[in-house]
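So the structure is just underneath, and the comments pick up after that.
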Amino acid sequence: MAIATTNPTTGKIEQTFEAHSEEEVERRIALAQSGFEDLRATTYAERSGWMRRAADILEESIEELASLITLEMGRPIAGARAEVTKSAKGLRFYADNAESFLASEQLDDPSVVGASRAGKTYAPLGVVLAVMPWNYPLWQVLRFAGPALMAGNAGLLKHASNVPQAALFLDTLFERAGFPTGAFQTLLIPAARVEGVLRDPRVKATTLTGSEPAGRSLASIAGSEVKHVVLELGGSDPFVVMPSADVERAATVAVTARNQNNGQSCIAAKRFIVHTDVYDEFARLFSEKVAALTVGDPFEDSTDVGPVATKSGRDELAEQVRDAVDKGAEVLAGARVPERDGWFYEPTVLAGITPEMRLHLEEAFGPVATVYRAADREEALSIANGTTFGLSSSVWTNDDDEEDWFVTNLDAGAVFVNGMTASHPELPFGGVKDSGVGRELAAEGIREFCNVKTVWKA
Ligand code: NDP
């Protein structure tokens, strides 16, 4: 894929960028190494001050950044502004909490290990390569960079090829905020050149947010180099509605949970699994509300759903829906490519999904929802867990016993009860099964890129 800003609302290429030469990549890796050595010698107080300044820069640039997000990947402008604000909050969270998350800990009774003093400290790993996607072009990067830099690591960003202007803004953000030169930089390179960077001995660990094939490829290279890897891959999150739930509220939230960011979120609810007693009511309310969404120019404040970010993504979505409809799925809303420029797809609700349809097991990365009917909670759970993914999940119930049962039995990295999944800096984030390994955010996220060093003294 060319490194270019292509406006998904019009399909027009706005600006193309030259990839960095091999010499420039070498220069940047060397700078990252020296940036790491400078950064690790600084105090938490210094890093916190710079991190807060980076958050301030984001907020001072909110209109510029929101417009950039909307131009490069089509997110409706209100959501793009919210992404900037959330990113600033995430940076401040680690400015405030990194030191306590990484404080040394001692055993209360070191004599049990024959020591006078024993415990652990957290040390940075070094240069970390972050391969990031376009769907939240700031937030995905900054939820890595905030904790990684606060821990004393340096970051090298390989951003998605369709968000180069966001990548270039991030290239200078941390240096402008005061961090040592080289502590965080962008590499403008295509995916094919990631392997060379990851095999460089100065790069100590890596993280990828994106598709499963990209994650598998990166992890196999990291494995062969014995380098730590964190993966945040796709999801096909279940949204379970039980009879005790507030069905109207569940249907309203379901619309946002599926269609926010034009349906392109790993933690979007994608499969709506509804108890048969409330199925008809939920399916009617949900499809009416989806059909009422305003699809259009993402720069308009009134737009709910903009274009899919890439032509290939839109075409793939249309193909998944066509496959389901050809095999007998029922269309409750949408299922059309609108007659207009850009890569739009009508928000869609499908019912009657069967195992031979692609959408039964594949992630739909756009505004396409599938609705399933379940006879009881056991069947609802079986459908919910009947996927290779396990990122997050949402359960709607007002029965405490049912709530505990789903929390215990859902195979997912998170369970949200009577609400939609969202990421919060205060809570760990990540998946099981093919959705990934490791955790981002909270204390777990900052410790991922640390050497947990055991210290024992006779
Ligand atoms: P990709 O996984 O292809 O892209 C994500 C990042 O990985 C980009 O920076 C990309 O670079 C890079 N990349 C791609 N292939 C490799 C590779 N083999 N080795 C190293 N880096 C690689 O996602 P797409 O944009 O193609 O989206 C496809 C699907 O991925 C979606 O339909 C969705 O299922 C999933 N996805 C999940 C996201 C999430 O939040 N978990 C986010 C985005 C996508 P480049 O852009 O240069 O190809």
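Chain labels run A, B, ... following the order of the structure tokens; each chain numbers its residues from 1, and ligands are numbered from 1 in the order shown.
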
- Can you list, as a PyMOL selection string, all residues belonging to stretch 64-178 of chain A that DSSP tags as helix (DSSP H, G or I)? chain A and resi 64-73+77-101+110-113+139-150+164-177

- Got a sec to check which residues lie within 8 Å of ligand 1, using only C-alpha atoms and all ligand atoms, and send them as JSON, numbers by chain? {"A": [1, 2, 3, 131, 132, 133, 134, 135, 136, 140, 158, 159, 160, 161, 162, 189, 190, 191, 192, 193, 194, 195, 208, 209, 210, 211, 212, 213, 214, 215, 216, 217, 218, 232, 233, 234, 235, 264, 265, 266, 267, 313, 363, 364, 365, 435]}

Based on the selection just made, write N, CA and C atoms of those residues as a compact mmCIF listing (two decimals), in the first residue's frame.
# COMPACT_ATOMS: atom_id res chain seq x y z
N MET A 1 0.85 -1.19 0.00
CA MET A 1 0.00 0.00 0.00
C MET A 1 0.90 1.25 0.00
N ALA A 2 0.58 2.24 -0.88
CA ALA A 2 1.37 3.47 -0.89
C ALA A 2 1.17 4.20 0.44
N ILE A 3 2.18 4.95 0.85
CA ILE A 3 2.03 5.75 2.05
C ILE A 3 1.37 7.06 1.62
N VAL A 131 3.68 -1.31 16.00
CA VAL A 131 3.03 -1.34 14.68
C VAL A 131 1.55 -1.06 14.92
N MET A 132 1.05 0.01 14.34
CA MET A 132 -0.26 0.50 14.76
C MET A 132 -1.22 0.66 13.58
N PRO A 133 -2.53 0.60 13.88
CA PRO A 133 -3.55 0.68 12.83
C PRO A 133 -4.11 2.10 12.68
N TRP A 134 -4.94 2.24 11.69
CA TRP A 134 -5.49 3.55 11.31
C TRP A 134 -6.79 3.87 12.03
N ASN A 135 -7.42 2.88 12.72
CA ASN A 135 -8.82 3.12 13.12
C ASN A 135 -8.97 4.14 14.24
N TYR A 136 -8.02 4.19 15.16
CA TYR A 136 -7.96 5.30 16.13
C TYR A 136 -6.52 5.80 16.04
N GLN A 140 -4.69 4.69 19.58
CA GLN A 140 -4.00 3.39 19.58
C GLN A 140 -2.51 3.57 19.85
N LYS A 158 5.68 2.36 13.66
CA LYS A 158 5.35 2.10 12.26
C LYS A 158 3.83 2.21 12.19
N HIS A 159 3.34 3.33 11.69
CA HIS A 159 1.90 3.54 11.65
C HIS A 159 1.34 2.97 10.35
N ALA A 160 0.02 2.83 10.30
CA ALA A 160 -0.64 2.33 9.07
C ALA A 160 -0.37 3.30 7.92
N SER A 161 -0.24 2.74 6.72
CA SER A 161 0.19 3.54 5.57
C SER A 161 -0.85 4.57 5.15
N ASN A 162 -2.10 4.44 5.60
CA ASN A 162 -3.13 5.41 5.21
C ASN A 162 -3.32 6.56 6.20
N ILE A 189 7.55 3.58 6.81
CA ILE A 189 7.95 2.39 6.04
C ILE A 189 6.72 1.53 5.76
N PRO A 190 6.74 0.77 4.67
CA PRO A 190 5.64 -0.16 4.43
C PRO A 190 5.78 -1.38 5.34
N ALA A 191 4.69 -2.17 5.41
CA ALA A 191 4.67 -3.34 6.30
C ALA A 191 5.82 -4.30 5.99
N ALA A 192 6.19 -4.40 4.72
CA ALA A 192 7.22 -5.37 4.32
C ALA A 192 8.57 -5.07 4.97
N ARG A 193 8.77 -3.84 5.45
CA ARG A 193 10.07 -3.51 6.05
C ARG A 193 10.06 -3.59 7.59
N VAL A 194 8.95 -4.04 8.15
CA VAL A 194 8.89 -4.18 9.61
C VAL A 194 9.86 -5.25 10.09
N GLU A 195 9.95 -6.34 9.34
CA GLU A 195 10.79 -7.46 9.79
C GLU A 195 12.23 -7.03 10.03
N LEU A 208 1.73 -4.89 18.41
CA LEU A 208 0.95 -4.63 17.19
C LEU A 208 -0.53 -4.60 17.53
N THR A 209 -1.20 -3.60 17.03
CA THR A 209 -2.66 -3.57 17.04
C THR A 209 -3.09 -3.62 15.59
N GLY A 210 -3.93 -4.58 15.25
CA GLY A 210 -4.35 -4.70 13.86
C GLY A 210 -4.94 -6.06 13.60
N SER A 211 -4.73 -6.55 12.38
CA SER A 211 -5.38 -7.79 11.97
C SER A 211 -4.64 -9.02 12.50
N GLU A 212 -5.36 -10.12 12.51
CA GLU A 212 -4.77 -11.38 12.99
C GLU A 212 -3.57 -11.82 12.12
N PRO A 213 -3.68 -11.77 10.77
CA PRO A 213 -2.51 -12.20 9.98
C PRO A 213 -1.28 -11.35 10.27
N ALA A 214 -1.47 -10.04 10.40
CA ALA A 214 -0.32 -9.17 10.69
C ALA A 214 0.27 -9.53 12.05
N GLY A 215 -0.61 -9.78 13.03
CA GLY A 215 -0.16 -10.15 14.37
C GLY A 215 0.61 -11.46 14.38
N ARG A 216 0.08 -12.44 13.67
CA ARG A 216 0.77 -13.74 13.63
C ARG A 216 2.16 -13.60 13.01
N SER A 217 2.22 -12.81 11.93
CA SER A 217 3.50 -12.64 11.25
C SER A 217 4.52 -11.96 12.18
N LEU A 218 4.09 -10.89 12.81
CA LEU A 218 5.01 -10.16 13.70
C LEU A 218 5.44 -11.04 14.87
N GLU A 232 -2.75 -6.89 20.01
CA GLU A 232 -4.16 -6.53 20.20
C GLU A 232 -4.79 -6.66 18.82
N LEU A 233 -5.48 -7.77 18.60
CA LEU A 233 -5.93 -8.09 17.24
C LEU A 233 -7.45 -7.89 17.13
N GLY A 234 -8.07 -8.62 16.27
CA GLY A 234 -9.48 -8.37 16.01
C GLY A 234 -10.39 -8.92 17.10
N GLY A 235 -11.67 -8.71 16.89
CA GLY A 235 -12.66 -9.24 17.80
C GLY A 235 -13.98 -9.41 17.06
N GLN A 264 -15.74 0.54 12.82
CA GLN A 264 -14.38 0.01 12.71
C GLN A 264 -13.64 0.07 14.04
N SER A 265 -14.12 -0.72 14.97
CA SER A 265 -13.46 -0.77 16.26
C SER A 265 -13.30 -2.24 16.62
N CYS A 266 -12.12 -2.59 17.14
CA CYS A 266 -11.92 -3.99 17.51
C CYS A 266 -12.89 -4.40 18.60
N ILE A 267 -13.22 -3.46 19.51
CA ILE A 267 -14.11 -3.81 20.64
C ILE A 267 -15.56 -3.44 20.36
N GLY A 313 -11.48 -2.27 2.42
CA GLY A 313 -12.28 -2.58 3.61
C GLY A 313 -13.77 -2.55 3.28
N GLU A 363 -14.72 -11.48 11.44
CA GLU A 363 -15.01 -10.16 11.97
C GLU A 363 -15.54 -9.27 10.84
N ALA A 364 -16.59 -8.50 11.13
CA ALA A 364 -17.07 -7.50 10.16
C ALA A 364 -16.51 -6.15 10.58
N PHE A 365 -15.59 -5.58 9.80
CA PHE A 365 -14.94 -4.33 10.22
C PHE A 365 -15.59 -3.15 9.51
N SER A 435 -7.67 -13.08 19.69
CA SER A 435 -7.72 -11.62 19.83
C SER A 435 -6.43 -11.03 20.37

- Task: Write down as a list in words the residues belonging to stretch 137-270 of chain A that are assigned strand (DSSP E or B) by DSSP computed on the backbone.
- Result: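 Answer for stretch 137-270 of chain A restricted to strand (DSSP E or B) is Ala154, Gly155, Leu156, Leu157, Lys158, Phe184, Gln185, Thr186, Val203, Lys204, Ala205, Thr206, Thr207, Leu208, Thr209, His228, Val229, Val230, Leu231, Glu232, Asp237, Pro238, Phe239, Val240, Val241, Ala269 and Lys270 of chain A.
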
Keeping only N, CA, C and O atoms, write the selected residues to a file as a compact mmCIF listing (two decimals), in the first residue's frame.
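The resulting file, out.txt, is shown below:
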# COMPACT_ATOMS: atom_id res chain seq x y z
N ALA A 154 12.14 3.69 24.86
CA ALA A 154 11.98 4.53 23.67
C ALA A 154 11.01 3.84 22.72
O ALA A 154 10.94 2.60 22.69
N GLY A 155 10.27 4.63 21.94
CA GLY A 155 9.30 4.05 21.02
C GLY A 155 9.65 4.36 19.57
O GLY A 155 10.07 5.46 19.24
N LEU A 156 9.49 3.34 18.71
CA LEU A 156 9.56 3.54 17.26
C LEU A 156 8.19 3.16 16.71
O LEU A 156 7.74 2.03 16.92
N LEU A 157 7.56 4.08 16.03
CA LEU A 157 6.21 3.84 15.51
C LEU A 157 6.24 3.53 14.02
O LEU A 157 6.75 4.32 13.24
N LYS A 158 5.68 2.36 13.66
CA LYS A 158 5.35 2.10 12.26
C LYS A 158 3.83 2.21 12.19
O LYS A 158 3.11 1.30 12.63
N PHE A 184 10.94 9.07 21.07
CA PHE A 184 9.80 8.56 20.29
C PHE A 184 9.90 9.10 18.88
O PHE A 184 10.04 10.30 18.67
N GLN A 185 9.84 8.20 17.89
CA GLN A 185 9.92 8.63 16.48
C GLN A 185 9.04 7.75 15.62
O GLN A 185 8.75 6.60 15.96
N THR A 186 8.70 8.28 14.46
CA THR A 186 7.96 7.53 13.45
C THR A 186 8.93 7.00 12.40
O THR A 186 9.86 7.71 11.99
N VAL A 203 16.41 -3.24 18.87
CA VAL A 203 14.97 -3.27 19.16
C VAL A 203 14.70 -4.46 20.08
O VAL A 203 15.00 -5.59 19.75
N LYS A 204 14.13 -4.18 21.27
CA LYS A 204 14.05 -5.22 22.30
C LYS A 204 12.68 -5.87 22.42
O LYS A 204 12.55 -6.93 23.02
N ALA A 205 11.64 -5.21 21.90
CA ALA A 205 10.28 -5.75 22.08
C ALA A 205 9.38 -5.09 21.04
O ALA A 205 9.77 -4.11 20.39
N THR A 206 8.18 -5.65 20.90
CA THR A 206 7.28 -5.09 19.89
C THR A 206 5.83 -5.24 20.32
O THR A 206 5.49 -6.09 21.15
N THR A 207 4.98 -4.42 19.73
CA THR A 207 3.54 -4.51 19.96
C THR A 207 2.84 -4.22 18.65
O THR A 207 3.32 -3.40 17.86
N LEU A 208 1.73 -4.89 18.41
CA LEU A 208 0.95 -4.63 17.19
C LEU A 208 -0.53 -4.60 17.53
O LEU A 208 -1.03 -5.46 18.25
N THR A 209 -1.20 -3.60 17.03
CA THR A 209 -2.66 -3.57 17.04
C THR A 209 -3.09 -3.62 15.59
O THR A 209 -2.64 -2.81 14.78
N HIS A 228 9.98 -9.89 23.37
CA HIS A 228 8.64 -9.82 23.96
C HIS A 228 7.67 -9.18 22.97
O HIS A 228 8.02 -8.24 22.26
N VAL A 229 6.44 -9.71 22.95
CA VAL A 229 5.44 -9.18 22.02
C VAL A 229 4.09 -9.02 22.73
O VAL A 229 3.71 -9.85 23.54
N VAL A 230 3.41 -7.93 22.41
CA VAL A 230 2.03 -7.71 22.84
C VAL A 230 1.19 -7.56 21.58
O VAL A 230 1.57 -6.82 20.66
N LEU A 231 0.07 -8.27 21.53
CA LEU A 231 -0.79 -8.22 20.34
C LEU A 231 -2.20 -7.84 20.74
O LEU A 231 -2.76 -8.43 21.67
N GLU A 232 -2.75 -6.89 20.01
CA GLU A 232 -4.16 -6.53 20.20
C GLU A 232 -4.79 -6.66 18.82
O GLU A 232 -4.59 -5.80 17.97
N ASP A 237 -17.07 -9.32 19.05
CA ASP A 237 -17.62 -9.32 20.41
C ASP A 237 -19.12 -9.60 20.46
O ASP A 237 -19.89 -9.02 19.70
N PRO A 238 -19.51 -10.47 21.39
CA PRO A 238 -20.94 -10.72 21.61
C PRO A 238 -21.58 -9.63 22.47
O PRO A 238 -20.93 -9.05 23.35
N PHE A 239 -22.84 -9.40 22.23
CA PHE A 239 -23.66 -8.45 23.01
C PHE A 239 -24.93 -9.24 23.33
O PHE A 239 -25.78 -9.46 22.47
N VAL A 240 -25.00 -9.74 24.58
CA VAL A 240 -26.05 -10.68 24.96
C VAL A 240 -27.18 -9.93 25.66
O VAL A 240 -26.92 -9.17 26.60
N VAL A 241 -28.40 -10.15 25.22
CA VAL A 241 -29.54 -9.48 25.85
C VAL A 241 -30.47 -10.55 26.43
O VAL A 241 -31.00 -11.39 25.71
N ALA A 269 -19.31 -4.14 19.55
CA ALA A 269 -20.19 -5.31 19.60
C ALA A 269 -20.53 -5.66 18.16
O ALA A 269 -20.87 -4.78 17.36
N LYS A 270 -20.37 -6.93 17.80
CA LYS A 270 -20.59 -7.31 16.39
C LYS A 270 -21.70 -8.34 16.26
O LYS A 270 -22.41 -8.36 15.26

- Query: Nearest to A:Pro180 among A:Ser104, A:Gln33, A:Thr70, A:Ser236, with distances taken over only C-alpha atoms: which residue is it?
  - Reply: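 Of A:Ser104, A:Gln33, A:Thr70, A:Ser236, the one nearest A:Pro180, counting only C-alpha atoms, is A:Gln33.
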
- Record the distance separating atom CA of A:Gly334 and atom CA of A:Ile353, expressed in Å with one decimal.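 These atoms are spaced 15.7 Å apart.
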
- Do you know which residues are at most 10 Å from A:Gly35 counting only C-alpha atoms, after dropping those on the same chain fewer than 3 positions away, and could you put them as a PyMOL selection string? chain A and resi 28-32+38-40+126-127+152-155+179-185

- Task: Using only C-alpha atoms, pick whichever of A:Glu105, A:Asp400, A:Glu448, A:Glu346 has the shortest atom-to-atom distance to A:Ala292.
- Result: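 Among the listed residues, the smallest separation from A:Ala292 belongs to A:Glu346.
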
- Show which residues sit within 9 Å of A:Ser21, as a list in words. Count only C-alpha atoms, and ignore same-chain residues fewer than 3 positions away. Glu18, Glu24, Val25, Glu26, Leu188 and Ile189 of chain A

Please save N, CA, C and O atoms of the selected residues as a tab-separated table (two decimals), in the first residue's frame.
chain	number	residue	atom	x	y	z
A	18	GLU	N	7.02	9.88	0.59
A	18	GLU	CA	8.14	8.96	0.32
A	18	GLU	C	8.42	8.14	1.56
A	18	GLU	O	8.49	8.71	2.67
A	24	GLU	N	17.93	6.38	6.45
A	24	GLU	CA	17.15	7.16	7.40
A	24	GLU	C	16.60	6.24	8.52
A	24	GLU	O	16.57	6.63	9.69
A	25	VAL	N	16.19	5.04	8.16
A	25	VAL	CA	15.70	4.11	9.19
A	25	VAL	C	16.84	3.78	10.16
A	25	VAL	O	16.67	3.78	11.38
A	26	GLU	N	18.04	3.54	9.61
A	26	GLU	CA	19.20	3.25	10.47
A	26	GLU	C	19.49	4.44	11.40
A	26	GLU	O	19.72	4.27	12.60
A	188	LEU	N	8.55	5.96	8.58
A	188	LEU	CA	7.62	5.90	7.44
A	188	LEU	C	8.08	4.76	6.55
A	188	LEU	O	8.92	4.94	5.66
A	189	ILE	N	7.55	3.58	6.81
A	189	ILE	CA	7.95	2.39	6.04
A	189	ILE	C	6.72	1.53	5.76
A	189	ILE	O	5.77	1.54	6.53

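Nearest-residue note for A:His424: choosing from A:Arg143, A:Arg47, A:His20, A:Lys227, the minimum distance belongs to A:Arg143, counting only C-alpha atoms.
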
- Task: Kindly give the distance, in Å, that separates atom CA of A:Trp139 and atom CA of A:Val84, rounded to a single decimal.
- Result: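 Result for atom CA of A:Trp139 versus atom CA of A:Val84: 7.4 Å, one decimal.
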
- Just the residues within 10 Å of A:Asp376, please, counting only C-alpha atoms, with nothing from its chain fewer than 2 positions along; format it as a ChimeraX atom specification. /A:242-243,274-277,373-374,378-381

- Message: Need to verify the contact set: A:Asn409, 12 Å, only C-alpha atoms, exclusion of same-chain residues closer than 5 positions in sequence. Can you return it as a list in words?
- Response: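 Here the qualifying residues turn out to be Arg377, Glu378, Ala380, Leu381, Ser382, Ala384, Asn385, Gly390, Ser393, Val395, Glu402, Glu403, Asp404, Ala414 and Val415 of chain A.
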
Keeping all heavy atoms, export the residues of the selection given above as a JSON list (two decimals), in the first residue's frame.
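Result written to part-v1.json:
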[["chain", "number", "residue", "atom", "x", "y", "z"],
["A", 377, "ARG", "N", -29.95, -19.20, 28.49],
["A", 377, "ARG", "CA", -28.62, -18.61, 28.70],
["A", 377, "ARG", "C", -27.52, -19.53, 28.23],
["A", 377, "ARG", "O", -26.46, -19.06, 27.78],
["A", 377, "ARG", "CB", -28.44, -18.19, 30.16],
["A", 377, "ARG", "CG", -28.27, -19.33, 31.15],
["A", 377, "ARG", "CD", -28.11, -18.78, 32.55],
["A", 377, "ARG", "NE", -27.65, -19.81, 33.47],
["A", 377, "ARG", "CZ", -27.42, -19.61, 34.78],
["A", 377, "ARG", "NH1", -27.61, -18.41, 35.30],
["A", 377, "ARG", "NH2", -26.99, -20.57, 35.53],
["A", 378, "GLU", "N", -27.74, -20.84, 28.32],
["A", 378, "GLU", "CA", -26.70, -21.79, 27.86],
["A", 378, "GLU", "C", -26.47, -21.63, 26.36],
["A", 378, "GLU", "O", -25.33, -21.61, 25.89],
["A", 378, "GLU", "CB", -27.09, -23.23, 28.18],
["A", 378, "GLU", "CG", -26.93, -23.62, 29.65],
["A", 378, "GLU", "CD", -27.99, -23.01, 30.57],
["A", 378, "GLU", "OE1", -29.06, -22.57, 30.07],
["A", 378, "GLU", "OE2", -27.75, -22.95, 31.80],
["A", 380, "ALA", "N", -27.17, -18.95, 24.60],
["A", 380, "ALA", "CA", -26.58, -17.61, 24.38],
["A", 380, "ALA", "C", -25.06, -17.67, 24.61],
["A", 380, "ALA", "O", -24.28, -17.13, 23.82],
["A", 380, "ALA", "CB", -27.22, -16.59, 25.32],
["A", 381, "LEU", "N", -24.66, -18.35, 25.67],
["A", 381, "LEU", "CA", -23.22, -18.45, 25.97],
["A", 381, "LEU", "C", -22.49, -19.24, 24.88],
["A", 381, "LEU", "O", -21.39, -18.87, 24.45],
["A", 381, "LEU", "CB", -23.01, -19.13, 27.32],
["A", 381, "LEU", "CG", -21.54, -19.24, 27.73],
["A", 381, "LEU", "CD1", -21.04, -17.89, 28.24],
["A", 381, "LEU", "CD2", -21.34, -20.31, 28.79],
["A", 382, "SER", "N", -23.13, -20.30, 24.43],
["A", 382, "SER", "CA", -22.49, -21.14, 23.42],
["A", 382, "SER", "C", -22.28, -20.35, 22.12],
["A", 382, "SER", "O", -21.22, -20.43, 21.49],
["A", 382, "SER", "CB", -23.35, -22.39, 23.24],
["A", 382, "SER", "OG", -23.14, -22.94, 22.00],
["A", 384, "ALA", "N", -22.08, -17.03, 21.99],
["A", 384, "ALA", "CA", -21.11, -15.96, 22.33],
["A", 384, "ALA", "C", -19.67, -16.49, 22.27],
["A", 384, "ALA", "O", -18.78, -15.85, 21.72],
["A", 384, "ALA", "CB", -21.41, -15.41, 23.72],
["A", 385, "ASN", "N", -19.46, -17.69, 22.83],
["A", 385, "ASN", "CA", -18.10, -18.25, 22.87],
["A", 385, "ASN", "C", -17.73, -19.01, 21.59],
["A", 385, "ASN", "O", -16.58, -19.44, 21.44],
["A", 385, "ASN", "CB", -17.95, -19.20, 24.07],
["A", 385, "ASN", "CG", -17.88, -18.44, 25.39],
["A", 385, "ASN", "OD1", -17.64, -17.24, 25.41],
["A", 385, "ASN", "ND2", -18.09, -19.16, 26.49],
["A", 390, "GLY", "N", -11.75, -13.44, 21.22],
["A", 390, "GLY", "CA", -12.12, -13.31, 22.63],
["A", 390, "GLY", "C", -11.65, -11.98, 23.19],
["A", 390, "GLY", "O", -10.92, -11.93, 24.17],
["A", 393, "SER", "N", -16.83, -8.35, 25.64],
["A", 393, "SER", "CA", -18.20, -8.86, 25.57],
["A", 393, "SER", "C", -19.08, -7.92, 26.37],
["A", 393, "SER", "O", -18.60, -7.17, 27.23],
["A", 393, "SER", "CB", -18.26, -10.28, 26.14],
["A", 393, "SER", "OG", -17.82, -10.26, 27.50],
["A", 395, "VAL", "N", -23.02, -7.91, 28.35],
["A", 395, "VAL", "CA", -24.19, -8.70, 28.78],
["A", 395, "VAL", "C", -25.22, -7.78, 29.38],
["A", 395, "VAL", "O", -24.88, -6.95, 30.23],
["A", 395, "VAL", "CB", -23.80, -9.75, 29.85],
["A", 395, "VAL", "CG1", -25.02, -10.54, 30.27],
["A", 395, "VAL", "CG2", -22.75, -10.68, 29.33],
["A", 402, "GLU", "N", -27.48, -14.51, 37.00],
["A", 402, "GLU", "CA", -27.17, -14.58, 35.57],
["A", 402, "GLU", "C", -25.91, -13.76, 35.26],
["A", 402, "GLU", "O", -25.05, -14.19, 34.49],
["A", 402, "GLU", "CB", -28.35, -13.98, 34.82],
["A", 402, "GLU", "CG", -28.60, -14.51, 33.44],
["A", 402, "GLU", "CD", -30.02, -14.11, 33.04],
["A", 402, "GLU", "OE1", -30.29, -12.92, 32.86],
["A", 402, "GLU", "OE2", -30.85, -15.01, 32.96],
["A", 403, "GLU", "N", -25.83, -12.58, 35.88],
["A", 403, "GLU", "CA", -24.67, -11.72, 35.67],
["A", 403, "GLU", "C", -23.39, -12.46, 36.06],
["A", 403, "GLU", "O", -22.42, -12.53, 35.30],
["A", 403, "GLU", "CB", -24.82, -10.44, 36.50],
["A", 403, "GLU", "CG", -23.61, -9.53, 36.46],
["A", 403, "GLU", "CD", -23.78, -8.33, 37.38],
["A", 403, "GLU", "OE1", -24.91, -7.82, 37.53],
["A", 403, "GLU", "OE2", -22.76, -7.91, 37.95],
["A", 404, "ASP", "N", -23.37, -13.05, 37.27],
["A", 404, "ASP", "CA", -22.18, -13.78, 37.74],
["A", 404, "ASP", "C", -21.84, -14.92, 36.79],
["A", 404, "ASP", "O", -20.67, -15.18, 36.49],
["A", 404, "ASP", "CB", -22.42, -14.38, 39.13],
["A", 404, "ASP", "CG", -22.48, -13.30, 40.19],
["A", 404, "ASP", "OD1", -22.09, -12.16, 39.89],
["A", 404, "ASP", "OD2", -22.95, -13.61, 41.31],
["A", 414, "ALA", "N", -12.73, -9.08, 28.56],
["A", 414, "ALA", "CA", -13.51, -8.17, 29.40],
["A", 414, "ALA", "C", -14.99, -8.52, 29.27],
["A", 414, "ALA", "O", -15.43, -9.06, 28.26],
["A", 414, "ALA", "CB", -13.30, -6.72, 28.96],
["A", 415, "VAL", "N", -15.73, -8.22, 30.34],
["A", 415, "VAL", "CA", -17.19, -8.34, 30.31],
["A", 415, "VAL", "C", -17.76, -7.01, 30.81],
["A", 415, "VAL", "O", -17.41, -6.56, 31.90],
["A", 415, "VAL", "CB", -17.69, -9.48, 31.22],
["A", 415, "VAL", "CG1", -19.21, -9.61, 31.13],
["A", 415, "VAL", "CG2", -17.00, -10.80, 30.90]]

- Message: To one decimal place in Å, what is the distance between atom CA of A:Thr256 and atom CA of A:Asp411?
- Response: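 Computing the Euclidean distance for atom CA of A:Thr256 and atom CA of A:Asp411 yields 22.9 Å.
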
- Query: Skipping near chain neighbours, those fewer than 2 positions away, what residues fall within 10 Å of A:Ser287 using only C-alpha atoms, listed as a PyMOL selection string?
  - Reply: chain A and resi 251+255+282-285+289-292+331-334+347-350+369+371

- Considering only C-alpha atoms, state which residue in the set A:Glu63, A:Glu444, A:Asp280, A:Asp96 is at the smallest distance from A:Ser48.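 For A:Ser48, the nearest of the given residues is A:Asp96.
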